[in-house]
file start-v8.cif (mmCIF, C-alpha atoms)
data_protein
loop_
_atom_site.label_atom_id
_atom_site.label_comp_id
_atom_site.auth_asym_id
_atom_site.auth_seq_id
_atom_site.Cartn_x
_atom_site.Cartn_y
_atom_site.Cartn_z
CA MET A 1 -12.15 -115.97 -54.13
CA THR A 2 -11.02 -112.38 -54.69
CA LYS A 3 -8.93 -111.53 -57.73
CA THR A 4 -5.97 -110.75 -55.52
CA ASN A 5 -6.12 -114.17 -53.92
CA LYS A 6 -6.47 -115.85 -57.29
CA GLU A 7 -3.46 -113.99 -58.64
CA LYS A 8 -1.52 -114.90 -55.54
CA LEU A 9 -2.45 -118.55 -56.05
CA ILE A 10 -1.18 -118.59 -59.62
CA GLU A 11 1.94 -116.80 -58.51
CA ASN A 12 2.56 -119.46 -55.87
CA ALA A 13 1.88 -122.28 -58.29
CA GLU A 14 4.34 -120.81 -60.76
CA TYR A 15 7.23 -120.35 -58.42
CA GLY A 16 7.23 -123.63 -56.68
CA VAL A 17 5.68 -126.95 -55.89
CA ASP A 18 6.59 -129.15 -52.97
CA SER A 19 5.21 -132.47 -54.04
CA ARG A 20 7.19 -134.81 -51.81
CA TYR A 21 5.44 -137.70 -50.11
CA HIS A 22 5.42 -137.50 -46.33
CA SER A 23 5.18 -141.19 -45.59
CA LYS A 24 5.52 -144.58 -47.21
CA LYS A 25 1.86 -145.25 -46.58
CA GLU A 26 0.77 -142.03 -48.29
CA ARG A 27 2.92 -142.90 -51.24
CA GLU A 28 1.54 -146.45 -51.54
CA LEU A 29 -2.09 -145.36 -51.28
CA ASP A 30 -1.56 -142.69 -53.92
CA ALA A 31 0.26 -145.13 -56.20
CA THR A 32 -2.59 -147.66 -56.04
CA ALA A 33 -5.29 -145.10 -56.74
CA LEU A 34 -3.27 -143.50 -59.52
CA MET A 35 -2.54 -146.82 -61.22
CA GLU A 36 -6.23 -147.79 -61.18
CA ALA A 37 -7.19 -144.46 -62.72
CA ARG A 38 -4.40 -144.68 -65.30
CA LEU A 39 -5.42 -148.17 -66.39
CA LEU A 40 -8.94 -146.89 -67.03
CA ARG A 41 -7.61 -143.94 -69.00
CA MET A 42 -5.24 -146.19 -70.98
CA LYS A 43 -8.24 -148.10 -72.35
CA LYS A 44 -9.36 -144.90 -74.05
CA VAL A 45 -6.02 -144.27 -75.74
CA SER A 46 -6.31 -144.88 -79.48
CA LYS A 47 -3.97 -146.98 -81.59
CA GLY A 48 -2.84 -143.81 -83.37
CA GLN A 49 -1.94 -142.13 -80.08
CA ILE A 50 0.09 -145.20 -79.06
CA ILE A 51 1.98 -145.07 -82.36
CA ARG A 52 2.64 -141.33 -81.87
CA ALA A 53 4.00 -142.04 -78.38
CA LYS A 54 6.26 -144.79 -79.69
CA LEU A 55 7.56 -142.60 -82.50
CA LEU A 56 8.28 -139.76 -80.07
CA GLN A 57 10.02 -142.25 -77.78
CA LEU A 58 12.16 -143.42 -80.69
CA LYS A 59 13.12 -139.87 -81.61
CA LEU A 60 14.03 -139.03 -78.01
CA LYS A 61 16.14 -142.19 -77.75
CA MET A 62 17.96 -141.33 -80.95
CA GLU A 63 18.70 -137.83 -79.64
CA LEU A 64 19.95 -139.25 -76.34
CA HIS A 65 22.16 -141.70 -78.21
CA LEU A 66 23.72 -138.86 -80.19
CA LYS A 67 24.37 -136.89 -77.01
CA ASN A 68 25.96 -139.81 -75.19
CA ALA A 69 28.07 -141.62 -77.75
CA VAL A 70 28.80 -145.24 -76.86
CA TYR A 71 31.50 -147.22 -78.63
CA ASP A 72 30.58 -150.87 -78.38
CA GLU A 73 29.71 -153.79 -80.62
CA HIS A 74 26.00 -153.05 -80.68
CA ASN A 75 24.53 -151.67 -83.90
CA TYR A 76 22.29 -148.83 -82.73
CA PHE A 77 21.50 -147.66 -86.25
CA LEU A 78 19.90 -151.01 -87.03
CA GLU A 79 18.13 -151.14 -83.67
CA PHE A 80 16.54 -147.73 -84.33
CA LEU A 81 15.73 -148.65 -87.93
CA GLU A 82 13.96 -151.87 -86.90
CA LYS A 83 12.05 -150.05 -84.18
CA TYR A 84 11.00 -147.36 -86.68
CA ILE A 85 9.72 -149.83 -89.25
CA ASP A 86 8.01 -152.14 -86.75
CA THR A 87 6.23 -149.22 -85.06
CA ILE A 88 4.45 -148.14 -88.21
CA TYR A 89 4.23 -151.32 -90.33
CA THR A 90 2.82 -154.77 -89.63
CA LYS A 91 4.92 -156.21 -92.45
CA ARG A 92 8.42 -154.97 -93.25
CA THR A 93 7.83 -155.71 -96.93
CA ASP A 94 5.32 -152.85 -96.92
CA PHE A 95 8.03 -150.46 -95.82
CA ALA A 96 10.31 -151.79 -98.57
CA LYS A 97 7.54 -151.14 -101.08
CA ASP A 98 6.94 -147.60 -99.77
CA ILE A 99 10.57 -146.63 -100.21
CA GLY A 100 10.93 -148.42 -103.53
CA ILE A 101 13.45 -151.10 -102.65
CA SER A 102 13.18 -154.87 -102.75
CA PRO A 103 12.27 -156.78 -99.58
CA VAL A 104 15.52 -158.70 -100.03
CA SER A 105 17.60 -155.51 -99.99
CA LEU A 106 15.79 -154.31 -96.88
CA SER A 107 16.32 -157.64 -95.17
CA GLN A 108 20.04 -157.51 -95.99
CA VAL A 109 20.34 -154.06 -94.46
CA ILE A 110 18.36 -154.96 -91.34
CA ASN A 111 20.37 -158.15 -90.82
CA ASN A 112 23.63 -156.26 -91.26
CA HIS A 113 24.60 -158.25 -94.36
CA ARG A 114 25.04 -155.08 -96.33
CA ALA A 115 25.45 -151.43 -95.46
CA PRO A 116 22.67 -149.01 -96.35
CA ASN A 117 23.65 -146.99 -99.41
CA GLU A 118 23.16 -143.27 -99.98
CA GLU A 119 19.84 -143.84 -101.73
CA PHE A 120 18.50 -145.86 -98.80
CA LEU A 121 19.44 -143.13 -96.33
CA LEU A 122 17.89 -140.40 -98.47
CA LYS A 123 14.66 -142.35 -98.78
CA LEU A 124 14.62 -143.06 -95.06
CA MET A 125 15.08 -139.36 -94.38
CA LEU A 126 12.12 -138.40 -96.60
CA HIS A 127 9.95 -141.21 -95.27
CA SER A 128 10.58 -140.08 -91.68
CA GLU A 129 9.78 -136.49 -92.59
CA MET A 130 6.36 -137.63 -93.79
CA ILE A 131 5.69 -139.92 -90.85
CA TYR A 132 6.81 -137.47 -88.16
CA LYS A 133 5.05 -134.47 -89.70
CA ASN A 134 2.08 -134.79 -87.33
CA VAL A 135 3.96 -136.34 -84.42
CA CYS A 136 6.76 -133.97 -83.38
CA VAL A 137 9.72 -132.05 -84.73
CA PHE A 138 12.07 -134.53 -86.37
CA HIS A 139 15.32 -133.12 -87.66
CA GLU A 140 16.01 -134.33 -91.17
CA LYS A 141 19.67 -135.01 -90.47
CA ILE A 142 19.05 -137.37 -87.54
CA TRP A 143 19.25 -140.68 -89.49
CA TYR A 144 22.49 -139.54 -91.09
CA GLN A 145 23.88 -138.58 -87.69
CA ILE A 146 22.92 -141.96 -86.23
CA TYR A 147 24.38 -143.77 -89.24
CA PHE A 148 27.73 -141.96 -89.12
CA GLN A 149 27.84 -142.24 -85.33
CA GLN A 150 27.52 -145.98 -85.91
CA LYS A 151 30.37 -145.92 -88.43
CA ILE A 152 32.56 -144.14 -85.90
CA SER A 153 31.54 -146.61 -83.19
CA ASP A 154 32.29 -149.63 -85.44
CA THR A 155 35.66 -148.18 -86.41
CA MET A 156 36.74 -147.28 -82.89
CA TYR A 157 35.47 -150.46 -81.30
CA SER A 158 37.26 -152.68 -83.83
CA LYS A 159 40.49 -150.66 -83.84
CA ARG A 160 42.57 -153.47 -82.37
CA ASN A 161 41.45 -155.73 -85.23
CA TRP A 162 42.40 -153.45 -88.11
CA LYS A 163 45.21 -151.35 -86.65
CA SER A 164 48.14 -153.74 -87.13
CA GLU A 165 47.19 -154.46 -90.74
CA VAL A 166 46.60 -150.84 -91.74
CA GLU A 167 49.68 -149.62 -89.88
CA LYS A 168 51.88 -151.49 -92.38
CA PHE A 169 50.85 -148.97 -95.03
CA VAL A 170 51.03 -145.82 -92.95
CA GLY A 171 54.23 -144.01 -92.11
CA ILE A 172 55.79 -140.59 -91.99
CA GLN A 173 59.32 -139.45 -92.78
CA GLU A 174 61.68 -139.01 -89.85
CA SER A 175 62.31 -135.36 -90.74
CA MET A 176 58.61 -134.69 -90.31
CA ILE A 177 58.63 -136.12 -86.80
CA ASN A 178 61.32 -133.60 -85.85
CA ASN A 179 59.41 -130.72 -87.40
CA VAL A 180 56.10 -131.45 -85.70
CA MET B 1 13.51 -125.27 -76.04
CA LYS B 2 13.06 -121.58 -75.27
CA ILE B 3 12.02 -119.12 -72.60
CA VAL B 4 10.57 -115.68 -73.27
CA GLU B 5 11.77 -112.38 -71.85
CA VAL B 6 8.50 -110.86 -70.68
CA SER B 7 9.47 -107.19 -71.20
CA THR B 8 10.60 -107.64 -74.82
CA GLY B 9 8.97 -110.84 -76.02
CA ILE B 10 12.38 -112.07 -77.16
CA GLU B 11 12.92 -115.82 -77.01
CA PHE B 12 16.10 -117.31 -75.59
CA GLU B 13 17.43 -120.83 -76.14
CA ILE B 14 17.75 -122.80 -72.94
CA GLN B 15 19.44 -125.95 -71.76
CA ILE B 16 18.32 -128.26 -68.99
CA LEU B 17 21.15 -130.18 -67.37
CA PRO B 18 21.71 -132.42 -64.35
CA ILE B 19 22.89 -130.43 -61.38
CA LYS B 20 26.54 -130.62 -60.33
CA ASN B 21 27.75 -130.88 -56.74
CA THR B 22 29.36 -127.46 -57.09
CA ASP B 23 25.97 -125.91 -57.90
CA PHE B 24 24.57 -126.51 -54.42
CA LYS B 25 26.45 -123.60 -52.90
CA LEU B 26 24.60 -121.28 -55.31
CA LEU B 27 21.16 -122.63 -54.47
CA GLY B 28 20.19 -120.52 -51.47
CA LYS B 29 16.67 -120.68 -50.12
CA GLU B 30 16.15 -116.95 -50.61
CA ARG B 31 16.42 -117.25 -54.40
CA TYR B 32 15.27 -120.85 -54.93
CA PHE B 33 12.73 -121.22 -52.09
CA PHE B 34 13.62 -124.76 -50.94
CA ASN B 35 16.56 -126.47 -49.32
CA TRP B 36 17.93 -128.17 -52.44
CA ARG B 37 20.71 -129.93 -50.54
CA ASN B 38 18.00 -132.16 -49.06
CA GLU B 39 17.28 -133.38 -52.59
CA ARG B 40 20.82 -134.45 -53.37
CA ASN B 41 19.87 -138.16 -53.35
CA TYR B 42 17.42 -137.56 -56.19
CA GLU B 43 17.80 -136.49 -59.79
CA ILE B 44 17.89 -132.69 -59.97
CA TYR B 45 17.89 -130.68 -63.19
CA LYS B 46 18.70 -126.99 -63.65
CA LEU B 47 17.46 -124.66 -66.39
CA GLN B 48 19.85 -122.08 -67.83
CA LYS B 49 19.96 -119.86 -70.87
CA VAL B 50 22.44 -121.22 -73.41
CA ASN B 51 25.86 -119.64 -72.75
CA SER B 52 24.86 -118.58 -69.25
CA SER B 53 25.61 -120.27 -65.96
CA ASP B 54 22.83 -118.51 -64.06
CA ILE B 55 20.24 -121.01 -62.85
CA LEU B 56 16.68 -119.85 -63.57
CA GLY B 57 14.75 -122.94 -62.49
CA LEU B 58 15.12 -126.28 -60.78
CA ILE B 59 13.27 -129.56 -60.61
CA SER B 60 13.89 -132.74 -58.62
CA ILE B 61 12.35 -136.03 -59.63
CA GLU B 62 11.96 -139.62 -58.56
CA PRO B 63 11.66 -142.21 -61.34
CA ILE B 64 9.33 -145.09 -60.38
CA PRO B 65 10.00 -147.62 -63.17
CA ASN B 66 7.64 -150.35 -61.93
CA GLU B 67 4.78 -147.85 -62.37
CA TRP B 68 6.18 -146.37 -65.62
CA ARG B 69 6.05 -143.06 -63.81
CA ILE B 70 8.23 -140.13 -62.81
CA HIS B 71 7.15 -138.23 -59.73
CA ILE B 72 8.09 -134.56 -59.49
CA ARG B 73 9.26 -133.82 -55.95
CA LEU B 74 10.17 -130.15 -56.08
CA LEU B 75 9.87 -127.56 -58.79
CA THR B 76 10.81 -123.91 -58.64
CA VAL B 77 11.74 -120.87 -60.65
CA SER B 78 14.25 -118.35 -59.30
CA LYS B 79 12.85 -115.48 -57.23
CA GLU B 80 13.02 -112.83 -59.97
CA ASN B 81 10.98 -115.07 -62.27
CA LYS B 82 8.05 -115.37 -59.91
CA GLY B 83 4.72 -113.58 -60.27
CA ASN B 84 3.63 -110.61 -62.38
CA GLN B 85 7.03 -108.96 -62.36
CA LYS B 86 8.87 -112.02 -63.62
CA LYS B 87 11.74 -111.55 -66.04
CA TYR B 88 11.29 -114.75 -68.05
CA ASP B 89 8.22 -116.80 -68.84
CA LYS B 90 7.94 -120.54 -69.58
CA ILE B 91 10.57 -121.72 -67.07
CA ALA B 92 8.25 -124.05 -65.15
CA GLY B 93 6.67 -125.33 -68.38
CA ASN B 94 10.04 -126.18 -69.88
CA LEU B 95 11.04 -128.06 -66.74
CA MET B 96 7.77 -130.01 -66.83
CA ALA B 97 8.27 -130.78 -70.53
CA HIS B 98 11.82 -131.93 -69.85
CA VAL B 99 10.60 -134.45 -67.29
CA ALA B 100 7.85 -135.51 -69.70
CA LYS B 101 10.56 -136.20 -72.31
CA ILE B 102 12.51 -138.35 -69.86
CA ALA B 103 9.32 -140.29 -69.06
CA VAL B 104 8.39 -140.86 -72.72
CA ALA B 105 11.96 -141.84 -73.65
CA GLU B 106 11.93 -144.38 -70.83
CA PHE B 107 8.36 -145.68 -70.80
CA GLY B 108 6.93 -144.85 -74.25
CA GLU B 109 3.16 -145.11 -74.49
CA LEU B 110 2.90 -145.97 -70.76
CA ALA B 111 4.71 -142.83 -69.62
CA CYS B 112 3.33 -140.82 -66.74
CA VAL B 113 4.52 -137.73 -64.86
CA SER B 114 2.90 -137.04 -61.51
CA LEU B 115 2.95 -134.46 -58.77
CA LYS B 116 1.01 -133.81 -55.61
CA PRO B 117 0.71 -130.11 -54.96
CA LYS B 118 -1.61 -128.41 -52.50
CA THR B 119 -5.22 -128.66 -53.63
CA LYS B 120 -5.58 -125.04 -54.73
CA ILE B 121 -2.39 -125.08 -56.74
CA ALA B 122 -3.41 -128.36 -58.38
CA LYS B 123 -6.20 -126.58 -60.24
CA HIS B 124 -3.68 -124.30 -61.89
CA TYR B 125 -1.60 -127.24 -63.12
CA ILE B 126 -4.65 -129.14 -64.32
CA ASN B 127 -5.76 -126.17 -66.40
CA LYS B 128 -2.37 -125.07 -67.65
CA TYR B 129 -0.87 -128.46 -68.55
CA ASN B 130 -4.06 -130.44 -69.14
CA MET B 131 -3.32 -132.85 -66.30
CA ASN B 132 -5.62 -135.44 -64.75
CA LEU B 133 -6.67 -135.49 -61.11
CA THR B 134 -6.73 -138.71 -59.07
CA GLY B 135 -7.38 -138.10 -55.37
CA ALA B 136 -4.77 -135.50 -54.51
CA THR B 137 -2.35 -136.55 -57.22
CA ILE B 138 -2.25 -134.89 -60.59
CA SER B 139 -0.68 -136.63 -63.53
CA ILE B 140 -0.14 -136.41 -67.24
CA GLU B 141 -0.05 -139.39 -69.59
CA VAL B 142 -0.53 -140.21 -73.28
CA PRO B 143 -1.98 -138.41 -75.19
CA GLU B 144 -1.69 -135.14 -73.19
CA ILE B 145 1.98 -135.74 -72.34
CA LEU B 146 2.82 -135.68 -76.06
CA ASP B 147 1.11 -132.31 -76.45
CA LEU B 148 3.04 -130.93 -73.48
CA ILE B 149 6.34 -131.99 -75.03
CA ASN B 150 5.44 -130.55 -78.42
CA LEU B 151 4.31 -127.30 -76.83
CA TYR B 152 7.78 -126.63 -75.43
CA ASP B 153 10.09 -128.68 -77.65
CA TYR B 154 9.36 -127.23 -81.06
CA ASP B 155 12.71 -126.25 -82.56
#
call {"tool": "encode", "arguments": {"input": "start-v8.cif", "output": "structure tokens"}}
result
Amino acid sequence: MTKTNKEKLIENAEYGVDSRYHSKKERELDATALMEARLLRMKKVSKGQIIRAKLLQLKLKMELHLKNAVYDEHNYFLEFLEKYIDTIYTKRTDFAKDIGISPVSLSQVINNHRAPNEEFLLKLMLHSEMIYKNVCVFHEKIWYQIYFQQKISDTMYSKRNWKSEVEKFVGIQESMINNV
Amino acid sequence: MKIVEVSTGIEFEIQILPIKNTDFKLLGKERYFFNWRNERNYEIYKLQKVNSSDILGLISIEPIPNEWRIHIRLLTVSKENKGNQKKYDKIAGNLMAHVAKIAVAEFGELACVSLKPKTKIAKHYINKYNMNLTGATISIEVPEILDLINLYDYD
């Protein structure tokens, strides 16, 4: 192949790929062959690489959650926290030990019997920094963002429950209404 | 994620967003090489510099959840970003990495991104993105897919 042709080839590859299947049959044959090859390759993937993939998946899901805020009854902070711990530890007590809290305290947080305090969030932030160091970029503020997003979600979702009670103690003077 | 202005080496922040219906009238074949209206039943993403509405690259994909795979249907950069005289570099790579991120977010350790280019072009993709060849299909999975994401998503 001449240099000119080679350059042209790279140029073509860079500007566009038409990779559409032309028939159902072509697509099915390719899918079968590809799956067989992938299953063989998957056997060679190490446990560490699987953990890295799961941690990256978790980070991407957290970022997506922050982009597309959902106000419902689900506790996403706890879902992400459980996923994080269970991806890297066989026993949750080991995580508790590594961040210097009691297993009981951790269990209470995970089961939503008590809110994580400032210390817990700070330790979680530092722990994640260490874990993600060799996996991918992990912004240090992400756990805080997820946590406060959850607070907002809880507050907004339960508004009908607390509004009438809180309203009794909130009012403004009539003159202010006219001035605003 | 960033692209690089070839003449200066300056990096620019980019965003990759789903295409809007109103975008189609801007996507002429002369600048974007394919008839993108034909792809309107599939997911299409556009690459733009942050704070700019000019579309520099496009990709259409087909998620295949029962195979934990996303198949790239069409990928292109805009005409002025093609070849040796291109204005910006890393457009195609960022689009590939974006699809890799969607695949990993969805399928985790089983994630796969595939495409089926012409044989000669396949070689370029295999070398550049460390993809695997199966028949005429090239694909990227764990662990290489993680490296691809980290190569482009580093800020």
call {"tool": "atom_distance", "arguments": {"input": "start-v8.cif", "atom1": "atom CA of Asp89 of chain B", "atom2": "atom CA of Asn21 of chain B"}}
result
26.9 Å
call {"tool": "resolve_selection", "arguments": {"input": "start-v8.cif", "expression": "the PyMOL selection byres ((chain A and resi 137) around 7)", "output": "PyMOL selection string"}}
result
(chain A and resi 136+138-139) or (chain B and resi 154-155)
call {"tool": "residues_near_point", "arguments": {"input": "start-v8.cif", "point": "(17.0, -128.9, -58.9)", "cutoff": "9 Å", "atoms": "all atoms listed in the file", "output": "JSON, numbers by chain"}}
result
{"B": [18, 19, 27, 36, 39, 40, 43, 44, 45, 46, 47, 57, 58, 59, 60, 61, 74, 75, 76]}
call {"tool": "resolve_selection", "arguments": {"input": "start-v8.cif", "expression": "the PyMOL selection byres ((chain A) within 10 of (chain B))", "output": "ChimeraX atom specification"}}
result
/A:6-21,29-39,41-42,44-46,48-64,135-139
call {"tool": "resolve_selection", "arguments": {"input": "start-v8.cif", "expression": "the PyMOL selection byres ((chain A and resi 99-107) around 12)", "output": "NGL selection string"}}
result
:A and (78 or 81-82 or 85 or 91-98 or 108-117 or 119-128 or 130)
call {"tool": "atom_distance", "arguments": {"input": "start-v8.cif", "atom1": "atom CA of Lys20 of chain B", "atom2": "atom CA of Asn35 of chain B"}}
result
15.4 Å
call {"tool": "atom_distance", "arguments": {"input": "start-v8.cif", "atom1": "atom CA of Lys87 of chain B", "atom2": "atom CA of Glu5 of chain B"}}
result
5.9 Å
call {"tool": "decode", "arguments": {"input": "start-v8.cif", "residues": "segment 41-52 of chain B", "atoms": "all heavy atoms", "output": "PDB file, in the first residue's frame"}}
result
ATOM      1  N   ASN B  41     -34.885   6.992  14.006  1.00  0.00           N
ATOM      2  CA  ASN B  41     -35.493   6.008  14.911  1.00  0.00           C
ATOM      3  C   ASN B  41     -34.476   5.424  15.897  1.00  0.00           C
ATOM      4  O   ASN B  41     -34.809   4.556  16.694  1.00  0.00           O
ATOM      5  CB  ASN B  41     -36.140   4.870  14.116  1.00  0.00           C
ATOM      6  CG  ASN B  41     -37.352   5.359  13.358  1.00  0.00           C
ATOM      7  OD1 ASN B  41     -38.018   6.304  13.783  1.00  0.00           O
ATOM      8  ND2 ASN B  41     -37.625   4.753  12.213  1.00  0.00           N
ATOM      9  N   TYR B  42     -33.255   5.876  15.797  1.00  0.00           N
ATOM     10  CA  TYR B  42     -32.201   5.375  16.696  1.00  0.00           C
ATOM     11  C   TYR B  42     -31.705   6.514  17.592  1.00  0.00           C
ATOM     12  O   TYR B  42     -32.033   7.677  17.367  1.00  0.00           O
ATOM     13  CB  TYR B  42     -31.036   4.806  15.879  1.00  0.00           C
ATOM     14  CG  TYR B  42     -31.445   3.589  15.088  1.00  0.00           C
ATOM     15  CD1 TYR B  42     -31.924   3.717  13.786  1.00  0.00           C
ATOM     16  CD2 TYR B  42     -31.402   2.319  15.650  1.00  0.00           C
ATOM     17  CE1 TYR B  42     -32.337   2.606  13.066  1.00  0.00           C
ATOM     18  CE2 TYR B  42     -31.813   1.200  14.943  1.00  0.00           C
ATOM     19  CZ  TYR B  42     -32.279   1.351  13.655  1.00  0.00           C
ATOM     20  OH  TYR B  42     -32.695   0.258  12.953  1.00  0.00           O
ATOM     21  N   GLU B  43     -30.929   6.133  18.587  1.00  0.00           N
ATOM     22  CA  GLU B  43     -30.338   7.173  19.448  1.00  0.00           C
ATOM     23  C   GLU B  43     -29.218   7.850  18.664  1.00  0.00           C
ATOM     24  O   GLU B  43     -28.322   7.176  18.158  1.00  0.00           O
ATOM     25  CB  GLU B  43     -29.735   6.543  20.705  1.00  0.00           C
ATOM     26  CG  GLU B  43     -30.753   6.078  21.716  1.00  0.00           C
ATOM     27  CD  GLU B  43     -30.081   5.445  22.935  1.00  0.00           C
ATOM     28  OE1 GLU B  43     -29.036   5.956  23.389  1.00  0.00           O
ATOM     29  OE2 GLU B  43     -30.601   4.432  23.424  1.00  0.00           O
ATOM     30  N   ILE B  44     -29.279   9.172  18.601  1.00  0.00           N
ATOM     31  CA  ILE B  44     -28.205   9.936  17.936  1.00  0.00           C
ATOM     32  C   ILE B  44     -27.659  10.966  18.923  1.00  0.00           C
ATOM     33  O   ILE B  44     -28.440  11.645  19.602  1.00  0.00           O
ATOM     34  CB  ILE B  44     -28.712  10.689  16.680  1.00  0.00           C
ATOM     35  CG1 ILE B  44     -29.487   9.750  15.750  1.00  0.00           C
ATOM     36  CG2 ILE B  44     -27.555  11.330  15.925  1.00  0.00           C
ATOM     37  CD1 ILE B  44     -30.099  10.458  14.528  1.00  0.00           C
ATOM     38  N   TYR B  45     -26.350  11.057  18.988  1.00  0.00           N
ATOM     39  CA  TYR B  45     -25.712  12.051  19.861  1.00  0.00           C
ATOM     40  C   TYR B  45     -24.867  13.002  19.024  1.00  0.00           C
ATOM     41  O   TYR B  45     -24.268  12.603  18.023  1.00  0.00           O
ATOM     42  CB  TYR B  45     -24.826  11.357  20.903  1.00  0.00           C
ATOM     43  CG  TYR B  45     -25.628  10.538  21.872  1.00  0.00           C
ATOM     44  CD1 TYR B  45     -25.884   9.186  21.622  1.00  0.00           C
ATOM     45  CD2 TYR B  45     -26.170  11.097  23.024  1.00  0.00           C
ATOM     46  CE1 TYR B  45     -26.654   8.429  22.498  1.00  0.00           C
ATOM     47  CE2 TYR B  45     -26.931  10.347  23.892  1.00  0.00           C
ATOM     48  CZ  TYR B  45     -27.174   9.014  23.624  1.00  0.00           C
ATOM     49  OH  TYR B  45     -27.939   8.274  24.485  1.00  0.00           O
ATOM     50  N   LYS B  46     -24.829  14.262  19.470  1.00  0.00           N
ATOM     51  CA  LYS B  46     -24.032  15.280  18.770  1.00  0.00           C
ATOM     52  C   LYS B  46     -22.920  15.777  19.702  1.00  0.00           C
ATOM     53  O   LYS B  46     -23.120  15.852  20.926  1.00  0.00           O
ATOM     54  CB  LYS B  46     -24.926  16.451  18.353  1.00  0.00           C
ATOM     55  CG  LYS B  46     -25.639  17.122  19.520  1.00  0.00           C
ATOM     56  CD  LYS B  46     -26.581  18.222  19.071  1.00  0.00           C
ATOM     57  CE  LYS B  46     -27.357  18.775  20.269  1.00  0.00           C
ATOM     58  NZ  LYS B  46     -28.323  19.802  19.900  1.00  0.00           N
ATOM     59  N   LEU B  47     -21.795  16.114  19.124  1.00  0.00           N
ATOM     60  CA  LEU B  47     -20.682  16.666  19.918  1.00  0.00           C
ATOM     61  C   LEU B  47     -20.535  18.142  19.584  1.00  0.00           C
ATOM     62  O   LEU B  47     -20.475  18.517  18.405  1.00  0.00           O
ATOM     63  CB  LEU B  47     -19.396  15.901  19.603  1.00  0.00           C
ATOM     64  CG  LEU B  47     -18.139  16.305  20.383  1.00  0.00           C
ATOM     65  CD1 LEU B  47     -17.222  15.098  20.570  1.00  0.00           C
ATOM     66  CD2 LEU B  47     -17.363  17.438  19.739  1.00  0.00           C
ATOM     67  N   GLN B  48     -20.505  18.959  20.629  1.00  0.00           N
ATOM     68  CA  GLN B  48     -20.336  20.414  20.456  1.00  0.00           C
ATOM     69  C   GLN B  48     -19.319  20.917  21.472  1.00  0.00           C
ATOM     70  O   GLN B  48     -19.159  20.317  22.545  1.00  0.00           O
ATOM     71  CB  GLN B  48     -21.654  21.137  20.750  1.00  0.00           C
ATOM     72  CG  GLN B  48     -22.804  20.754  19.847  1.00  0.00           C
ATOM     73  CD  GLN B  48     -24.153  21.199  20.382  1.00  0.00           C
ATOM     74  OE1 GLN B  48     -24.433  21.038  21.571  1.00  0.00           O
ATOM     75  NE2 GLN B  48     -24.995  21.745  19.529  1.00  0.00           N
ATOM     76  N   LYS B  49     -18.685  22.036  21.140  1.00  0.00           N
ATOM     77  CA  LYS B  49     -17.878  22.708  22.162  1.00  0.00           C
ATOM     78  C   LYS B  49     -18.849  23.304  23.164  1.00  0.00           C
ATOM     79  O   LYS B  49     -19.953  23.723  22.786  1.00  0.00           O
ATOM     80  CB  LYS B  49     -17.048  23.833  21.532  1.00  0.00           C
ATOM     81  CG  LYS B  49     -15.757  23.341  20.903  1.00  0.00           C
ATOM     82  CD  LYS B  49     -15.166  24.325  19.932  1.00  0.00           C
ATOM     83  CE  LYS B  49     -14.799  25.655  20.559  1.00  0.00           C
ATOM     84  NZ  LYS B  49     -14.235  26.592  19.566  1.00  0.00           N
ATOM     85  N   VAL B  50     -18.461  23.358  24.431  1.00  0.00           N
ATOM     86  CA  VAL B  50     -19.309  23.992  25.437  1.00  0.00           C
ATOM     87  C   VAL B  50     -19.517  25.451  25.026  1.00  0.00           C
ATOM     88  O   VAL B  50     -18.576  26.123  24.593  1.00  0.00           O
ATOM     89  CB  VAL B  50     -18.655  23.885  26.840  1.00  0.00           C
ATOM     90  CG1 VAL B  50     -19.372  24.766  27.857  1.00  0.00           C
ATOM     91  CG2 VAL B  50     -18.653  22.436  27.309  1.00  0.00           C
ATOM     92  N   ASN B  51     -20.749  25.920  25.156  1.00  0.00           N
ATOM     93  CA  ASN B  51     -21.153  27.281  24.763  1.00  0.00           C
ATOM     94  C   ASN B  51     -21.157  27.515  23.252  1.00  0.00           C
ATOM     95  O   ASN B  51     -21.045  28.645  22.780  1.00  0.00           O
ATOM     96  CB  ASN B  51     -20.267  28.363  25.418  1.00  0.00           C
ATOM     97  CG  ASN B  51     -20.393  28.334  26.919  1.00  0.00           C
ATOM     98  OD1 ASN B  51     -21.466  28.036  27.455  1.00  0.00           O
ATOM     99  ND2 ASN B  51     -19.302  28.603  27.615  1.00  0.00           N
ATOM    100  N   SER B  52     -21.233  26.438  22.498  1.00  0.00           N
ATOM    101  CA  SER B  52     -21.343  26.579  21.040  1.00  0.00           C
ATOM    102  C   SER B  52     -22.429  25.630  20.552  1.00  0.00           C
ATOM    103  O   SER B  52     -22.574  24.527  21.087  1.00  0.00           O
ATOM    104  CB  SER B  52     -20.010  26.226  20.377  1.00  0.00           C
ATOM    105  OG  SER B  52     -20.203  26.024  18.993  1.00  0.00           O
TER     106      SER B  52
END
